[in-house]
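*Asks:* Okay, handing you the structure first.
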Amino acid sequence: LKRISLARNFIGCNGAAAVANFIRASQDDPSIYHSIRLDLLQNCFGDEGARVIADAIADGTVQDKAQTIVDIGLEKNRIGNEGLLYISNMLHENNTLHTLRLGKNDISYEGVMKSLVPVLKQNTTLRVLDLSGNRHIGDLGAAALADALSFNQTLETMILTKCSITEEGAKRLLQALYNYTSPSAVLEQSNHTLRELIVCQNPILSTSFVGHTTFLRDAIHWNQQGIASSRIYKLNSFLMSIHGPRFVHSTNVPIELIPKMVHKIWRIDKSIDAVYSYIRGMPEILEI
């Protein structure tokens, strides 16, 4: 058994309790139930239903049972910040769930900031997170998620469609993907794993933001090449941008040749440490 869909059945809290019982039973017999994709779209069980389902998944981890749910869809279930807290607590315990879909619920920036973001900073399992249609996430929520991305290096897809994100929130997300304030920020504070960021149908498009869309597209493209390549591409892009009298370079290598030197070191050594050691030899441009 690989996929179970109870979508659009309006099972309510009683049905959610039955689902929780099934999850617990599946953990007792992983030979039959494993790697299950559970679709609970539009069942209107609210925060209480989210609690019993999240508790069932978390209990299996605490009791060292087999984890069977790898993908869960909880869209359109009237889940608010309280329900998000239960789900976030479950993520703290769980180590198998790779896809979490929470679209079109009642989650706001407060729930994202207080419950979800602290867990995302530590989680190493989740690959896909869908928060689309939660219209009260806004720029504050986007900024909090951007902060989480600076720490999280395993999430690959984040969907934020129709979340009331404006240019301000979009810029924070961009900086999380490509923190171009210094070479150390490029390497250590940028996210290098997110391969898909969907922010369509938000009020972010403006004349002033158009110039940033290229950076956003490039950052995603670089991430798609793998972590090591992403770090090199972003570092190279940063070094190519630092021409000008404000930067005093004390080595004998002309500053315009530094990106070429970085690529040469990378081709020879294939080591981020070797490249970073080269950069650390230039204290005048290490930090802005």
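Chain lettering (A, B, ...) mirrors the order of the structure tokens, residue numbering begins at 1 for each chain separately, and ligand numbering begins at 1 in order of display.
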What's the 8 Å shell around Lys234 (chain A), counting only C-alpha atoms, without same-chain residues fewer than 2 positions away, as a list in words?
*Replies:* Tyr178, Val186, Leu187, Ala219, Trp222, Ser230, Arg231, Ile232, Asn236, Ser237 and Phe238 of chain A
*Asks:* Could you write out, as number ranges by chain, all the residues of region 59-144 of chain A that DSSP marks as alpha helix (DSSP H)?
*Replies:* A: 59-62, 81-93, 109-111, 117-120, 138-144
*Asks:* Can those selected residues be exported to a file as a PDB file, in the first residue's frame so that it contains N, CA and C atoms?
*Replies:*
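Printed below is out-v8.pdb as written:
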```pdb
ATOM      1  N   ASP A  59       4.138   9.971  17.893  1.00  0.00           N
ATOM      2  CA  ASP A  59       4.213   8.897  18.891  1.00  0.00           C
ATOM      3  C   ASP A  59       5.028   7.718  18.377  1.00  0.00           C
ATOM      4  N   GLY A  60       4.897   7.431  17.098  1.00  0.00           N
ATOM      5  CA  GLY A  60       5.648   6.324  16.526  1.00  0.00           C
ATOM      6  C   GLY A  60       7.143   6.549  16.620  1.00  0.00           C
ATOM      7  N   THR A  61       7.580   7.796  16.447  1.00  0.00           N
ATOM      8  CA  THR A  61       9.004   8.114  16.558  1.00  0.00           C
ATOM      9  C   THR A  61       9.476   7.985  17.997  1.00  0.00           C
ATOM     10  N   VAL A  62       8.696   8.529  18.925  1.00  0.00           N
ATOM     11  CA  VAL A  62       9.061   8.490  20.338  1.00  0.00           C
ATOM     12  C   VAL A  62       9.168   7.052  20.829  1.00  0.00           C
ATOM     13  N   ASN A  81      -3.018  28.519  13.446  1.00  0.00           N
ATOM     14  CA  ASN A  81      -1.703  28.528  14.100  1.00  0.00           C
ATOM     15  C   ASN A  81      -1.593  27.474  15.201  1.00  0.00           C
ATOM     16  N   GLU A  82      -2.708  27.182  15.856  1.00  0.00           N
ATOM     17  CA  GLU A  82      -2.672  26.141  16.887  1.00  0.00           C
ATOM     18  C   GLU A  82      -2.374  24.776  16.258  1.00  0.00           C
ATOM     19  N   GLY A  83      -3.045  24.489  15.168  1.00  0.00           N
ATOM     20  CA  GLY A  83      -2.785  23.231  14.467  1.00  0.00           C
ATOM     21  C   GLY A  83      -1.372  23.166  13.928  1.00  0.00           C
ATOM     22  N   LEU A  84      -0.868  24.304  13.457  1.00  0.00           N
ATOM     23  CA  LEU A  84       0.505  24.344  12.954  1.00  0.00           C
ATOM     24  C   LEU A  84       1.503  24.030  14.062  1.00  0.00           C
ATOM     25  N   LEU A  85       1.193  24.450  15.283  1.00  0.00           N
ATOM     26  CA  LEU A  85       2.067  24.138  16.417  1.00  0.00           C
ATOM     27  C   LEU A  85       2.178  22.622  16.628  1.00  0.00           C
ATOM     28  N   TYR A  86       1.042  21.919  16.548  1.00  0.00           N
ATOM     29  CA  TYR A  86       1.064  20.463  16.706  1.00  0.00           C
ATOM     30  C   TYR A  86       1.872  19.808  15.586  1.00  0.00           C
ATOM     31  N   ILE A  87       1.678  20.300  14.374  1.00  0.00           N
ATOM     32  CA  ILE A  87       2.394  19.739  13.224  1.00  0.00           C
ATOM     33  C   ILE A  87       3.891  20.007  13.339  1.00  0.00           C
ATOM     34  N   SER A  88       4.251  21.195  13.804  1.00  0.00           N
ATOM     35  CA  SER A  88       5.660  21.547  13.971  1.00  0.00           C
ATOM     36  C   SER A  88       6.313  20.686  15.039  1.00  0.00           C
ATOM     37  N   ASN A  89       5.582  20.429  16.132  1.00  0.00           N
ATOM     38  CA  ASN A  89       6.108  19.544  17.171  1.00  0.00           C
ATOM     39  C   ASN A  89       6.344  18.144  16.619  1.00  0.00           C
ATOM     40  N   MET A  90       5.442  17.692  15.745  1.00  0.00           N
ATOM     41  CA  MET A  90       5.618  16.392  15.101  1.00  0.00           C
ATOM     42  C   MET A  90       6.865  16.385  14.235  1.00  0.00           C
ATOM     43  N   LEU A  91       7.110  17.460  13.490  1.00  0.00           N
ATOM     44  CA  LEU A  91       8.295  17.537  12.635  1.00  0.00           C
ATOM     45  C   LEU A  91       9.583  17.481  13.457  1.00  0.00           C
ATOM     46  N   HIS A  92       9.504  17.989  14.658  1.00  0.00           N
ATOM     47  CA  HIS A  92      10.677  17.962  15.531  1.00  0.00           C
ATOM     48  C   HIS A  92      11.052  16.520  15.893  1.00  0.00           C
ATOM     49  N   GLU A  93      10.047  15.650  15.986  1.00  0.00           N
ATOM     50  CA  GLU A  93      10.285  14.254  16.352  1.00  0.00           C
ATOM     51  C   GLU A  93      10.516  13.367  15.129  1.00  0.00           C
ATOM     52  N   TYR A 109       1.380  34.625   9.707  1.00  0.00           N
ATOM     53  CA  TYR A 109       2.811  34.834   9.931  1.00  0.00           C
ATOM     54  C   TYR A 109       3.204  34.507  11.372  1.00  0.00           C
ATOM     55  N   GLU A 110       2.272  34.706  12.313  1.00  0.00           N
ATOM     56  CA  GLU A 110       2.589  34.421  13.715  1.00  0.00           C
ATOM     57  C   GLU A 110       2.876  32.940  13.930  1.00  0.00           C
ATOM     58  N   GLY A 111       2.067  32.086  13.343  1.00  0.00           N
ATOM     59  CA  GLY A 111       2.291  30.654  13.467  1.00  0.00           C
ATOM     60  C   GLY A 111       3.569  30.221  12.781  1.00  0.00           C
ATOM     61  N   VAL A 117       9.170  27.914  11.815  1.00  0.00           N
ATOM     62  CA  VAL A 117      10.544  28.321  11.498  1.00  0.00           C
ATOM     63  C   VAL A 117      11.579  27.696  12.427  1.00  0.00           C
ATOM     64  N   PRO A 118      11.382  27.682  13.763  1.00  0.00           N
ATOM     65  CA  PRO A 118      12.388  27.040  14.622  1.00  0.00           C
ATOM     66  C   PRO A 118      12.641  25.575  14.260  1.00  0.00           C
ATOM     67  N   VAL A 119      11.592  24.872  13.821  1.00  0.00           N
ATOM     68  CA  VAL A 119      11.757  23.466  13.444  1.00  0.00           C
ATOM     69  C   VAL A 119      12.486  23.352  12.110  1.00  0.00           C
ATOM     70  N   LEU A 120      12.128  24.205  11.151  1.00  0.00           N
ATOM     71  CA  LEU A 120      12.772  24.152   9.837  1.00  0.00           C
ATOM     72  C   LEU A 120      14.278  24.394   9.931  1.00  0.00           C
ATOM     73  N   GLY A 138       2.110  36.735   4.525  1.00  0.00           N
ATOM     74  CA  GLY A 138       2.639  38.056   4.220  1.00  0.00           C
ATOM     75  C   GLY A 138       4.156  38.168   4.274  1.00  0.00           C
ATOM     76  N   ASP A 139       4.617  39.402   4.327  1.00  0.00           N
ATOM     77  CA  ASP A 139       6.060  39.669   4.322  1.00  0.00           C
ATOM     78  C   ASP A 139       6.745  39.216   5.608  1.00  0.00           C
ATOM     79  N   LEU A 140       6.047  39.337   6.738  1.00  0.00           N
ATOM     80  CA  LEU A 140       6.655  38.905   7.999  1.00  0.00           C
ATOM     81  C   LEU A 140       6.892  37.396   7.995  1.00  0.00           C
ATOM     82  N   GLY A 141       5.925  36.668   7.472  1.00  0.00           N
ATOM     83  CA  GLY A 141       6.097  35.232   7.363  1.00  0.00           C
ATOM     84  C   GLY A 141       7.174  34.860   6.370  1.00  0.00           C
ATOM     85  N   ALA A 142       7.217  35.588   5.249  1.00  0.00           N
ATOM     86  CA  ALA A 142       8.249  35.330   4.236  1.00  0.00           C
ATOM     87  C   ALA A 142       9.641  35.596   4.804  1.00  0.00           C
ATOM     88  N   ALA A 143       9.774  36.678   5.576  1.00  0.00           N
ATOM     89  CA  ALA A 143      11.068  36.997   6.188  1.00  0.00           C
ATOM     90  C   ALA A 143      11.488  35.906   7.172  1.00  0.00           C
ATOM     91  N   ALA A 144      10.540  35.388   7.928  1.00  0.00           N
ATOM     92  CA  ALA A 144      10.849  34.317   8.877  1.00  0.00           C
ATOM     93  C   ALA A 144      11.271  33.045   8.139  1.00  0.00           C
TER      94      ALA A 144
END
```
*Asks:* Which of these residues is nearest to Ile23 (chain A), using only C-alpha atoms: A:Ile53, A:Leu6, A:Asn134, A:Thr96?
*Replies:*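 Smallest distance to Ile23 (chain A) is found for A:Ile53.
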*Asks:* Could you check how far CA of Glu75 (chain A) sits from CA of Asn223 (chain A), in Å to one decimal?
*Replies:*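 Result for CA of Glu75 (chain A) versus CA of Asn223 (chain A): 27.7 Å, one decimal.
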*Asks:* In Å to one decimal, how far is CA of Thr68 (chain A) from CA of Gly12 (chain A)?
*Replies:*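 Spanning CA of Gly12 (chain A) to CA of Thr68 (chain A) is a straight-line distance of 22.6 Å.
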*Asks:* Neighbouring residues of Ser35 (chain A) were defined as those with any atom within 7 Å, considering only C-alpha atoms; residues of the same chain fewer than 5 positions away were excluded. Please report them as a list of chain:residue names.
*Replies:*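 The neighbour list is A:Lys2, A:Thr68, A:Ile69, A:Val70.
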*Asks:* Just to confirm, what's the straight-line distance from CA of Leu131 (chain A) to CA of Gly103 (chain A) in Å (one decimal)?
*Replies:*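 Computed distance, CA of Leu131 (chain A) to CA of Gly103 (chain A), equals 4.7 Å.
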*Asks:* Counting only C-alpha atoms, which residues of region 89-182 of chain A sit at most 6 Å from some atom of region 195-205 of chain A, and what is each one's closest atom pair with its distance in Å to one decimal, listed by chain and rising residue number, as CSV?
*Replies:*
```
residue,atom,partner,partner_atom,distance
A:Glu156,CA,A:Arg195,CA,5.1
A:Thr157,CA,A:Glu196,CA,4.7
A:Met158,CA,A:Leu197,CA,5.1
A:Ile159,CA,A:Ile198,CA,4.8
A:Leu160,CA,A:Val199,CA,5.0
A:Thr161,CA,A:Val199,CA,4.8
A:Lys162,CA,A:Gln201,CA,5.2
A:Ser164,CA,A:Asn202,CA,5.4
A:Ile165,CA,A:Asn202,CA,5.5
A:Thr166,CA,A:Ile204,CA,4.1
A:Glu167,CA,A:Ile204,CA,4.4
```
*Asks:* Nearest to Asp47 (chain A) among A:Lys76, A:Arg24, A:Arg217, A:Lys114, with distances taken over only C-alpha atoms: which residue is it?
*Replies:* A:Lys76
*Asks:* Can you list, as a list of chain:residue names, every protein, DNA or RNA residue that comes within 10 Å of Thr193 (chain A) when you count only C-alpha atoms, leaving out same-chain residues fewer than 4 positions away?
*Replies:* A:Arg127, A:Leu149, A:Asn152, A:Gln153, A:Thr154, A:Leu155, A:Glu156, A:Thr157, A:Leu177, A:Ile220, A:Trp222, A:Asn223, A:Gln224, A:Gln225, A:Gly226, A:Ile227, A:Ala228, A:Ser230
*Asks:* Using N, CA, C and O atoms, can you export the residues from the last selection as a PDB file, in the first residue's frame?
*Replies:*
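And here's out.pdb as it stands now:
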```pdb
ATOM      1  N   ARG A 127      11.599  17.753   2.351  1.00  0.00           N
ATOM      2  CA  ARG A 127      12.072  18.184   1.038  1.00  0.00           C
ATOM      3  C   ARG A 127      11.102  19.150   0.357  1.00  0.00           C
ATOM      4  O   ARG A 127      11.512  20.015  -0.406  1.00  0.00           O
ATOM      5  N   LEU A 149      15.621  29.357   5.876  1.00  0.00           N
ATOM      6  CA  LEU A 149      16.357  28.857   4.720  1.00  0.00           C
ATOM      7  C   LEU A 149      17.861  29.081   4.860  1.00  0.00           C
ATOM      8  O   LEU A 149      18.658  28.337   4.283  1.00  0.00           O
ATOM      9  N   ASN A 152      18.543  25.924   6.967  1.00  0.00           N
ATOM     10  CA  ASN A 152      18.122  24.637   6.414  1.00  0.00           C
ATOM     11  C   ASN A 152      18.825  24.372   5.084  1.00  0.00           C
ATOM     12  O   ASN A 152      18.795  25.195   4.184  1.00  0.00           O
ATOM     13  N   GLN A 153      19.463  23.207   4.977  1.00  0.00           N
ATOM     14  CA  GLN A 153      20.178  22.863   3.750  1.00  0.00           C
ATOM     15  C   GLN A 153      19.690  21.533   3.181  1.00  0.00           C
ATOM     16  O   GLN A 153      20.443  20.798   2.539  1.00  0.00           O
ATOM     17  N   THR A 154      18.400  21.231   3.389  1.00  0.00           N
ATOM     18  CA  THR A 154      17.823  20.013   2.818  1.00  0.00           C
ATOM     19  C   THR A 154      16.516  20.263   2.069  1.00  0.00           C
ATOM     20  O   THR A 154      16.159  19.479   1.190  1.00  0.00           O
ATOM     21  N   LEU A 155      15.791  21.320   2.404  1.00  0.00           N
ATOM     22  CA  LEU A 155      14.527  21.619   1.725  1.00  0.00           C
ATOM     23  C   LEU A 155      14.798  21.934   0.246  1.00  0.00           C
ATOM     24  O   LEU A 155      15.714  22.692  -0.070  1.00  0.00           O
ATOM     25  N   GLU A 156      13.992  21.347  -0.640  1.00  0.00           N
ATOM     26  CA  GLU A 156      14.214  21.513  -2.073  1.00  0.00           C
ATOM     27  C   GLU A 156      13.117  22.307  -2.772  1.00  0.00           C
ATOM     28  O   GLU A 156      13.366  22.939  -3.796  1.00  0.00           O
ATOM     29  N   THR A 157      11.899  22.272  -2.236  1.00  0.00           N
ATOM     30  CA  THR A 157      10.774  22.981  -2.864  1.00  0.00           C
ATOM     31  C   THR A 157       9.964  23.705  -1.800  1.00  0.00           C
ATOM     32  O   THR A 157       9.580  23.110  -0.785  1.00  0.00           O
ATOM     33  N   LEU A 177      18.614  32.926  -0.414  1.00  0.00           N
ATOM     34  CA  LEU A 177      19.174  32.052  -1.442  1.00  0.00           C
ATOM     35  C   LEU A 177      20.557  32.509  -1.887  1.00  0.00           C
ATOM     36  O   LEU A 177      21.394  31.679  -2.262  1.00  0.00           O
ATOM     37  N   ILE A 220      18.284  30.024  -8.007  1.00  0.00           N
ATOM     38  CA  ILE A 220      17.596  28.741  -8.095  1.00  0.00           C
ATOM     39  C   ILE A 220      18.323  27.819  -9.071  1.00  0.00           C
ATOM     40  O   ILE A 220      18.527  26.625  -8.804  1.00  0.00           O
ATOM     41  N   TRP A 222      21.483  27.856  -9.902  1.00  0.00           N
ATOM     42  CA  TRP A 222      22.748  27.408  -9.303  1.00  0.00           C
ATOM     43  C   TRP A 222      22.484  26.302  -8.280  1.00  0.00           C
ATOM     44  O   TRP A 222      23.241  25.327  -8.219  1.00  0.00           O
ATOM     45  N   ASN A 223      21.429  26.438  -7.489  1.00  0.00           N
ATOM     46  CA  ASN A 223      21.100  25.403  -6.515  1.00  0.00           C
ATOM     47  C   ASN A 223      20.795  24.065  -7.194  1.00  0.00           C
ATOM     48  O   ASN A 223      21.078  23.005  -6.653  1.00  0.00           O
ATOM     49  N   GLN A 224      20.213  24.147  -8.371  1.00  0.00           N
ATOM     50  CA  GLN A 224      19.867  22.926  -9.099  1.00  0.00           C
ATOM     51  C   GLN A 224      21.101  22.158  -9.564  1.00  0.00           C
ATOM     52  O   GLN A 224      20.997  20.976  -9.918  1.00  0.00           O
ATOM     53  N   GLN A 225      22.257  22.796  -9.549  1.00  0.00           N
ATOM     54  CA  GLN A 225      23.488  22.142  -9.974  1.00  0.00           C
ATOM     55  C   GLN A 225      24.150  21.331  -8.859  1.00  0.00           C
ATOM     56  O   GLN A 225      25.133  20.639  -9.092  1.00  0.00           O
ATOM     57  N   GLY A 226      23.594  21.416  -7.640  1.00  0.00           N
ATOM     58  CA  GLY A 226      24.189  20.721  -6.500  1.00  0.00           C
ATOM     59  C   GLY A 226      24.825  21.702  -5.539  1.00  0.00           C
ATOM     60  O   GLY A 226      25.159  22.843  -5.901  1.00  0.00           O
ATOM     61  N   ILE A 227      24.996  21.287  -4.302  1.00  0.00           N
ATOM     62  CA  ILE A 227      25.456  22.197  -3.246  1.00  0.00           C
ATOM     63  C   ILE A 227      26.836  22.780  -3.545  1.00  0.00           C
ATOM     64  O   ILE A 227      27.045  23.989  -3.473  1.00  0.00           O
ATOM     65  N   ALA A 228      27.799  21.938  -3.881  1.00  0.00           N
ATOM     66  CA  ALA A 228      29.157  22.426  -4.112  1.00  0.00           C
ATOM     67  C   ALA A 228      29.205  23.396  -5.283  1.00  0.00           C
ATOM     68  O   ALA A 228      29.810  24.471  -5.198  1.00  0.00           O
ATOM     69  N   SER A 230      26.736  25.140  -6.503  1.00  0.00           N
ATOM     70  CA  SER A 230      25.994  26.340  -6.138  1.00  0.00           C
ATOM     71  C   SER A 230      26.879  27.321  -5.382  1.00  0.00           C
ATOM     72  O   SER A 230      26.882  28.529  -5.656  1.00  0.00           O
TER      73      SER A 230
END
```
*Asks:* Could you please write out, as a short mmCIF file (atom, residue, chain, number, x, y, z; two decimals) with N, CA, C and O atoms, in the first residue's frame, every residue of region 46-142 of chain A that DSSP assigns to strand (DSSP E)?
*Replies:*
```cif
data_model
loop_
_atom_site.label_atom_id
_atom_site.label_comp_id
_atom_site.auth_asym_id
_atom_site.auth_seq_id
_atom_site.Cartn_x
_atom_site.Cartn_y
_atom_site.Cartn_z
N ILE A 69 4.52 7.20 7.19
CA ILE A 69 4.01 8.32 6.41
C ILE A 69 5.18 9.15 5.89
O ILE A 69 5.96 9.69 6.68
N VAL A 70 5.30 9.28 4.58
CA VAL A 70 6.39 10.07 3.99
C VAL A 70 5.87 11.33 3.30
O VAL A 70 6.64 12.25 3.01
N ASP A 71 4.56 11.37 3.03
CA ASP A 71 3.96 12.50 2.31
C ASP A 71 2.56 12.67 2.84
O ASP A 71 1.75 11.74 2.83
N ILE A 72 2.25 13.87 3.34
CA ILE A 72 0.90 14.10 3.87
C ILE A 72 0.34 15.42 3.33
O ILE A 72 1.01 16.45 3.34
N GLY A 73 -0.89 15.34 2.84
CA GLY A 73 -1.58 16.51 2.32
C GLY A 73 -2.69 16.94 3.26
O GLY A 73 -3.64 16.19 3.50
N THR A 99 7.39 15.31 2.51
CA THR A 99 6.49 16.25 1.85
C THR A 99 5.36 16.63 2.79
O THR A 99 4.65 15.76 3.32
N LEU A 100 5.19 17.94 3.00
CA LEU A 100 4.13 18.46 3.86
C LEU A 100 3.38 19.54 3.11
O LEU A 100 3.95 20.57 2.75
N ARG A 101 2.09 19.28 2.89
CA ARG A 101 1.26 20.23 2.14
C ARG A 101 0.20 20.83 3.06
O ARG A 101 -0.66 20.12 3.56
N VAL A 128 9.80 18.98 0.62
CA VAL A 128 8.78 19.81 -0.03
C VAL A 128 7.86 20.40 1.03
O VAL A 128 7.31 19.67 1.87
N LEU A 129 7.69 21.72 0.98
CA LEU A 129 6.79 22.41 1.90
C LEU A 129 5.87 23.32 1.10
O LEU A 129 6.33 24.21 0.40
N ASP A 130 4.57 23.07 1.22
CA ASP A 130 3.56 23.85 0.49
C ASP A 130 2.73 24.63 1.50
O ASP A 130 1.99 24.06 2.30
#
```
*Asks:* Measuring between only C-alpha atoms, which one of A:Thr181, A:Ser190, A:Asn123, A:Asn43 shows the shortest distance to Gly15 (chain A)?
*Replies:*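 Once distances to Gly15 (chain A) are computed over only C-alpha atoms, the minimum belongs to A:Asn43.
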